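Student: My structure is below; once you've seen it, I'll send some questions.
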Amino acid sequence: MLKHLMSVKTLLSSLIFNFYFVYKCRIKASDGLSIKGFVYCKNDGVILLGSNVKINSGLRYNPIVGPSKSVFITRATGIIDIEDNVGISNAVLFSVCSIKIKKSTIIGAGTCIWDTDFHSIDYNNRVLESDRGISKPIVIGENSFIGANVIILKGTTIGNNVTIGAGSIVSGNIPDNQVWGGNPAKRIR
């Protein structure tokens, strides 16, 4: 009986999180969206989710990086486009320009994907209220695996079937079928 009540509670919380994430945040989602935990969302742009996207958010659903959660933020010009069968755990996606994650990719816990610098590195520009930094699109290819605590910076293109090792900082272009890791990320094989 207790096990049955727990499964009903889990189902209800999943429905509530899905409703909040999709409707309150104005997300365009296809069938099969699965959200475990509360996802923080601030959508001033566009967020598109393909079929069977799975999002874990919170310590209870992925304890790897501690008490973090999944975060989706778009500015007015930002687009987050996630294709079918993508899995995301406790990751931060922040878009001023464009973030595209292609089919069947897994994004590990604690990963940050930022298509912007947020602000200038020049002090004279950084102190201006109008400073927004530089933004460039990010593309992550099909069937790729992004390990825990990876940072993917603006202008990065990651090919298909790529593995990025945990804790890596990635910028630039990574060809298909390779393994990269480190700070800065370099080809391992």
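Following the order of the structure tokens, first chain is A, next is B, and so on, with residues numbered from 1 inside each chain and ligands from 1 in the order they appear.
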So that I can see what lies close to Thr157 of chain A, please list as an MDAnalysis selection string the residues with an atom at most 9 Å from it, counting only C-alpha atoms and leaving out residues fewer than 5 positions away in the same chain.
Tutor: chainID A and resid 137:141 171:175
Student: Go ahead and save the residues from that selection, with C-alpha atoms, as a PDB file, in the first residue's frame.
Tutor:
ATOM      1  CA  PRO A 137      25.567  29.907 -31.229  1.00  0.00           C
ATOM      2  CA  ILE A 138      26.333  26.519 -29.687  1.00  0.00           C
ATOM      3  CA  VAL A 139      25.567  23.200 -31.408  1.00  0.00           C
ATOM      4  CA  ILE A 140      25.940  19.786 -29.756  1.00  0.00           C
ATOM      5  CA  GLY A 141      25.700  16.867 -32.201  1.00  0.00           C
ATOM      6  CA  SER A 171      35.278  26.005 -26.804  1.00  0.00           C
ATOM      7  CA  GLY A 172      35.795  25.812 -30.563  1.00  0.00           C
ATOM      8  CA  ASN A 173      34.971  22.918 -32.881  1.00  0.00           C
ATOM      9  CA  ILE A 174      35.121  19.237 -32.001  1.00  0.00           C
ATOM     10  CA  PRO A 175      34.869  16.768 -34.934  1.00  0.00           C
TER      11      PRO A 175
END
Student: As a PyMOL selection string, list the residues of chain A assigned to strand (DSSP E or B) by DSSP on the backbone atoms of this structure.
Tutor: chain A and resi 28-29+34-36+40-43+46-49+54-56+71-74+79-82+87-89+92-95+99-101+106-107+112-114+116+135+138-140+145-146+151-152+157-158+163-164+169-170+173-174+179-182+185-187
Student: Any idea what the distance is between atom CA of Asp84 of chain A and atom CA of Asn43 of chain A?
Tutor: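 Atom CA of Asn43 of chain A lies 20.3 Å from atom CA of Asp84 of chain A.
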Student: What is the atom CA of Thr74 of chain A to atom CA of Val162 of chain A distance in Å?
Tutor: 25.7 Å
Student: Report as an MDAnalysis selection string all protein, DNA and RNA residues lying within 8 Å of Ser89 of chain A, evaluated on only C-alpha atoms, omitting residues in the same chain fewer than 2 positions from it.
Tutor: chainID A and resid 55:57 62 69:70 87 91 107:110
Student: Would you save the residues from that selection as a CSV table (one decimal), in the first residue's frame, using C-alpha atoms?
Tutor:
chain,number,residue,atom,x,y,z
A,55,ILE,CA,15.1,16.3,-17.4
A,56,ASN,CA,16.3,15.5,-13.9
A,57,SER,CA,16.5,18.4,-11.5
A,62,ASN,CA,20.8,13.1,-9.4
A,69,LYS,CA,18.9,21.9,-10.2
A,70,SER,CA,18.3,22.2,-13.9
A,87,GLY,CA,18.6,13.5,-21.4
A,91,ALA,CA,22.4,21.4,-16.0
A,107,ILE,CA,24.0,16.2,-20.7
A,108,GLY,CA,25.7,15.3,-17.4
A,109,ALA,CA,25.0,16.8,-14.0
A,110,GLY,CA,26.4,20.2,-13.2
Student: Atom CA of Phe145 of chain A and atom CA of Thr105 of chain A are how many Å apart?
Tutor: 5.8 Å
Student: Tell me, which residues of chain A carry DSSP alpha helix (DSSP H), written as a ChimeraX atom specification?
Tutor: /A:2-19,123-126
Student: Could those residues be written to a file, using N, CA and C atoms, as an mmCIF file, in the first residue's frame?
Tutor:
data_model
loop_
_atom_site.group_PDB
_atom_site.id
_atom_site.type_symbol
_atom_site.label_atom_id
_atom_site.label_comp_id
_atom_site.auth_asym_id
_atom_site.auth_seq_id
_atom_site.Cartn_x
_atom_site.Cartn_y
_atom_site.Cartn_z
ATOM 1 N N LEU A 2 1.907 1.291 0.852
ATOM 2 C CA LEU A 2 2.796 2.444 0.930
ATOM 3 C C LEU A 2 3.526 2.665 -0.395
ATOM 4 N N LYS A 3 3.953 1.566 -1.019
ATOM 5 C CA LYS A 3 4.635 1.666 -2.308
ATOM 6 C C LYS A 3 3.703 2.270 -3.362
ATOM 7 N N HIS A 4 2.413 1.871 -3.335
ATOM 8 C CA HIS A 4 1.432 2.406 -4.273
ATOM 9 C C HIS A 4 1.224 3.905 -4.053
ATOM 10 N N LEU A 5 1.137 4.329 -2.790
ATOM 11 C CA LEU A 5 0.979 5.750 -2.483
ATOM 12 C C LEU A 5 2.185 6.559 -2.955
ATOM 13 N N MET A 6 3.386 6.003 -2.798
ATOM 14 C CA MET A 6 4.594 6.696 -3.247
ATOM 15 C C MET A 6 4.596 6.864 -4.764
ATOM 16 N N SER A 7 4.132 5.833 -5.509
ATOM 17 C CA SER A 7 4.105 5.952 -6.968
ATOM 18 C C SER A 7 3.056 6.972 -7.409
ATOM 19 N N VAL A 8 1.922 7.070 -6.710
ATOM 20 C CA VAL A 8 0.916 8.088 -7.011
ATOM 21 C C VAL A 8 1.483 9.478 -6.731
ATOM 22 N N LYS A 9 2.190 9.622 -5.607
ATOM 23 C CA LYS A 9 2.815 10.903 -5.253
ATOM 24 C C LYS A 9 3.847 11.303 -6.309
ATOM 25 N N THR A 10 4.661 10.361 -6.764
ATOM 26 C CA THR A 10 5.663 10.632 -7.792
ATOM 27 C C THR A 10 4.998 11.050 -9.099
ATOM 28 N N LEU A 11 3.928 10.367 -9.488
ATOM 29 C CA LEU A 11 3.202 10.696 -10.708
ATOM 30 C C LEU A 11 2.603 12.099 -10.621
ATOM 31 N N LEU A 12 1.976 12.429 -9.499
ATOM 32 C CA LEU A 12 1.381 13.760 -9.324
ATOM 33 C C LEU A 12 2.440 14.855 -9.364
ATOM 34 N N SER A 13 3.554 14.640 -8.683
ATOM 35 C CA SER A 13 4.603 15.677 -8.700
ATOM 36 C C SER A 13 5.166 15.839 -10.104
ATOM 37 N N SER A 14 5.311 14.754 -10.861
ATOM 38 C CA SER A 14 5.797 14.830 -12.228
ATOM 39 C C SER A 14 4.827 15.631 -13.108
ATOM 40 N N LEU A 15 3.529 15.399 -12.943
ATOM 41 C CA LEU A 15 2.525 16.143 -13.708
ATOM 42 C C LEU A 15 2.568 17.631 -13.373
ATOM 43 N N ILE A 16 2.725 17.955 -12.098
ATOM 44 C CA ILE A 16 2.803 19.357 -11.669
ATOM 45 C C ILE A 16 4.038 20.022 -12.257
ATOM 46 N N PHE A 17 5.206 19.363 -12.164
ATOM 47 C CA PHE A 17 6.435 19.935 -12.708
ATOM 48 C C PHE A 17 6.324 20.116 -14.224
ATOM 49 N N ASN A 18 5.765 19.119 -14.940
ATOM 50 C CA ASN A 18 5.583 19.234 -16.382
ATOM 51 C C ASN A 18 4.679 20.421 -16.719
ATOM 52 N N PHE A 19 3.558 20.545 -15.989
ATOM 53 C CA PHE A 19 2.619 21.638 -16.239
ATOM 54 C C PHE A 19 3.309 22.984 -16.026
ATOM 55 N N TYR A 123 37.000 46.544 -18.736
ATOM 56 C CA TYR A 123 36.370 47.238 -17.612
ATOM 57 C C TYR A 123 35.514 48.414 -18.074
ATOM 58 N N ASN A 124 36.020 49.208 -19.023
ATOM 59 C CA ASN A 124 35.292 50.394 -19.480
ATOM 60 C C ASN A 124 33.934 50.044 -20.084
ATOM 61 N N ASN A 125 33.839 48.907 -20.732
ATOM 62 C CA ASN A 125 32.552 48.446 -21.267
ATOM 63 C C ASN A 125 31.725 47.713 -20.214
ATOM 64 N N ARG A 126 32.408 46.958 -19.368
ATOM 65 C CA ARG A 126 31.720 46.129 -18.375
ATOM 66 C C ARG A 126 30.898 46.955 -17.388
#
Student: From the list A:Leu59, A:Val53, A:Val86, A:Val150, which residue is nearest Gly37 of chain A when using only C-alpha atoms?
Tutor: A:Leu59
Student: Given only C-alpha atoms as the basis, pick out the residue of A:Leu33, A:Ile79, A:Cys112, A:Val170 nearest to Asn52 of chain A.
Tutor: A:Leu33
Student: Using only C-alpha atoms, find the one residue out of A:Leu93, A:Val71, A:Ile64, A:Ile99 that sits nearest to Gly147 of chain A.
Tutor: A:Ile64
Student: I'd like the contact shell of Ser168 of chain A - 9 Å cut-off, only C-alpha atoms, skipping same-chain residues fewer than 5 positions apart - returned as a list in words.
Tutor: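 Using only C-alpha atoms, the neighbours found are Gly147, Ala148, Asn149, Val150, Ile151, Ile152, Trp180, Gly181, Gly182, Asn183, Pro184, Ala185 and Lys186 of chain A.
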